[in-house]
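Novice: There's a structure below that I have some questions on.
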Amino acid sequence: MERDTKVSLFFWLSGWCVVYPIVLKLVNAARPAPGLPKVGLAALNGWFRDLRHFDEATGYSAFWYVFTQAVGYLALAACIFWAGIGLVQWVRTKSLDRVDKSIFITCCLYIAALLVFVVFNALAVNKGPVVTPGDAEFSASFPSPYTMLVVISMGSTMYLTGYFLEKKEKLVLVLRVLCGAVMIAGVVGRAISGVCWLTDILGGILYSTTLLLLYSVFCDA
């Protein structure tokens, strides 16, 4: 994709990043079912949630929740790996200027994603449909932090494998296919697990894709 196209697409998606949470606060904000928290686009969220039957005690699928948690730990490990490389380079050279450009930009991407999470956690646009283990009550769930973690982690890893293994095309292809598989498995698994609203998942995809576009623009500069 050409740089100008990436920039144009980034600004277009950025506009949706502003509009989308406003829509969720104003359009069809209601309880999809008794006992569930109020959520925007309630008819859509309720319809998607009703497609599956969850455990009556928890309100979600234990299997898919555990599965996606495992995928999430894998994604988090990838982030820690790349950030660790940057930290080692910084310590060894004693200068941020000598940290590999792509690693430095990747760490900035992770920080930006964390800031998005902190801001929306404070705004609490939506609260999730279930109380997950470790929580005492319904917690802020938009955009899905899990989705953002998996998409950003695997997206940046796809780029970095090509950057560091440029001459090993077959290996890069295999690693990128694996990253894509992990990304799809994590996002789809989370969507059908019942622990997130569909609109939270879509929000996670929107914000992480927007950040990855900006990331690719800086990496290619």
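Within each chain, counting starts at residue 1; across the structure tokens, chains are named A, B, ... in the order shown, with ligands numbered 1 upward in that order.
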For Phe63 (chain A), find every residue with an atom within 10 Å (counting only C-alpha atoms), except residues of its own chain fewer than 6 positions away, and show them as a PyMOL selection string.

Specialist: chain A and resi 69+189+193

Novice: Do you know which residues are at most 8 Å from region 203-214 of chain A counting only C-alpha atoms, after dropping those on the same chain fewer than 6 positions away, and could you put them as a PyMOL selection string?

Specialist: chain A and resi 6-7+9-10+13-14+17+20+109+112-113+142-148+151-152+155-156

Novice: Keeping only C-alpha atoms, write those residues as a compact mmCIF listing (two decimals), in the first residue's frame.

Specialist:
```txt
# COMPACT_ATOMS: atom_id res chain seq x y z
CA LYS A 6 -2.07 4.77 4.18
CA VAL A 7 -2.18 8.36 5.41
CA LEU A 9 -6.97 5.76 5.25
CA PHE A 10 -5.54 6.65 8.67
CA LEU A 13 -10.40 5.71 10.27
CA SER A 14 -9.47 8.38 12.82
CA CYS A 17 -12.62 6.54 16.01
CA TYR A 20 -18.06 5.44 16.89
CA LEU A 109 2.88 1.85 19.26
CA ALA A 112 -0.14 4.59 22.28
CA ALA A 113 -2.37 1.50 22.59
CA PHE A 142 -14.85 -0.51 25.03
CA PRO A 143 -12.82 -0.82 22.93
CA SER A 144 -12.03 -4.44 23.73
CA PRO A 145 -8.52 -4.26 25.27
CA TYR A 146 -8.04 -7.93 24.49
CA THR A 147 -8.76 -7.39 20.79
CA MET A 148 -6.41 -4.42 20.69
CA VAL A 151 -4.27 -7.28 16.74
CA ILE A 152 -1.49 -4.83 17.61
CA GLY A 155 0.33 -6.90 13.42
CA SER A 156 3.60 -5.42 14.65
```

Novice: Any idea what's packed within 7 Å of region 40-55 of chain A, counting only C-alpha atoms, ignoring anything in its chain fewer than 5 positions away? Could you give it as a list in words?

Specialist: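 That gives Leu24, Lys25, Leu26, Val27, Asn28, Ala29, Ala30, Arg31, Pro32, Tyr60, Ser61, Gly194, Trp197, Leu198 and Thr199 of chain A.
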
Novice: Take the selection from the previous step and output its residues with C-alpha atoms, as a compact mmCIF listing (two decimals), in the first residue's frame.

Specialist:
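Okay, selection23.txt is ready:
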```txt
# COMPACT_ATOMS: atom_id res chain seq x y z
CA LEU A 24 -22.56 3.92 21.11
CA LYS A 25 -23.55 6.49 23.75
CA LEU A 26 -26.48 7.94 21.82
CA VAL A 27 -27.96 5.26 19.54
CA ASN A 28 -30.20 2.53 20.96
CA ALA A 29 -28.55 2.64 24.40
CA ALA A 30 -30.49 0.06 26.42
CA ARG A 31 -30.26 -3.23 28.30
CA PRO A 32 -30.31 -6.09 25.75
CA TYR A 60 -20.15 -16.88 29.00
CA SER A 61 -18.33 -19.87 27.47
CA GLY A 194 -19.58 -14.04 25.36
CA TRP A 197 -20.14 -7.08 23.29
CA LEU A 198 -19.83 -7.33 19.51
CA THR A 199 -19.45 -3.55 19.33
```

Novice: Quick one: everything within 6 Å of region 181-188 of chain A, counting only C-alpha atoms, minus sequence neighbours fewer than 2 positions away in the same chain. Send it as a ChimeraX atom specification.

Specialist: /A:68,71,147,150-151,178-179,190-191

Novice: Go through A:Val19, A:Trp90, A:Pro37, A:Arg98 one by one, measure the shortest atom-to-atom distance of each to Glu137 (chain A) using only C-alpha atoms, and give the residue with the smallest value.

Specialist: A:Pro37

Novice: Restricting the calculation to only C-alpha atoms, which member of A:Val91, A:Val174, A:Ala62, A:Ala83 is positioned closest to Ile111 (chain A)?

Specialist: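 The closest residue to Ile111 (chain A) is A:Ala83.
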
Novice: Write out as a ChimeraX atom specification all residues of region 103-133 of chain A that DSSP puts in alpha helix (DSSP H) for this structure's backbone.

Specialist: /A:103-123

Novice: Using only C-alpha atoms, pick whichever of A:Phe104, A:Tyr110, A:Trp12, A:Phe138 has the shortest atom-to-atom distance to Leu76 (chain A).

Specialist: A:Tyr110

Novice: Using only C-alpha atoms for the distances, tell me which of A:Val131, A:Ile105, A:Val125, A:Ala136 is nearest to Leu36 (chain A).

Specialist: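 So, comparing all the options, the nearest one is A:Val131.
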
Novice: From the set A:Ser153, A:Thr58, A:Thr161, A:Ser216, which residue has the shortest atom-to-atom contact distance to Pro129 (chain A), counting only C-alpha atoms?

Specialist: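 Selected residue with least distance to Pro129 (chain A): A:Thr58.
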
Novice: What is the CA of Gly84 (chain A) to CA of Glu169 (chain A) distance in Å?

Specialist: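 The value is 24.7 Å.
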
Novice: Would you mind reading off the distance between CA of Asp200 (chain A) and CA of Trp64 (chain A), one decimal, in Å?

Specialist: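 CA of Trp64 (chain A) lies at a distance of 16.8 Å from CA of Asp200 (chain A).
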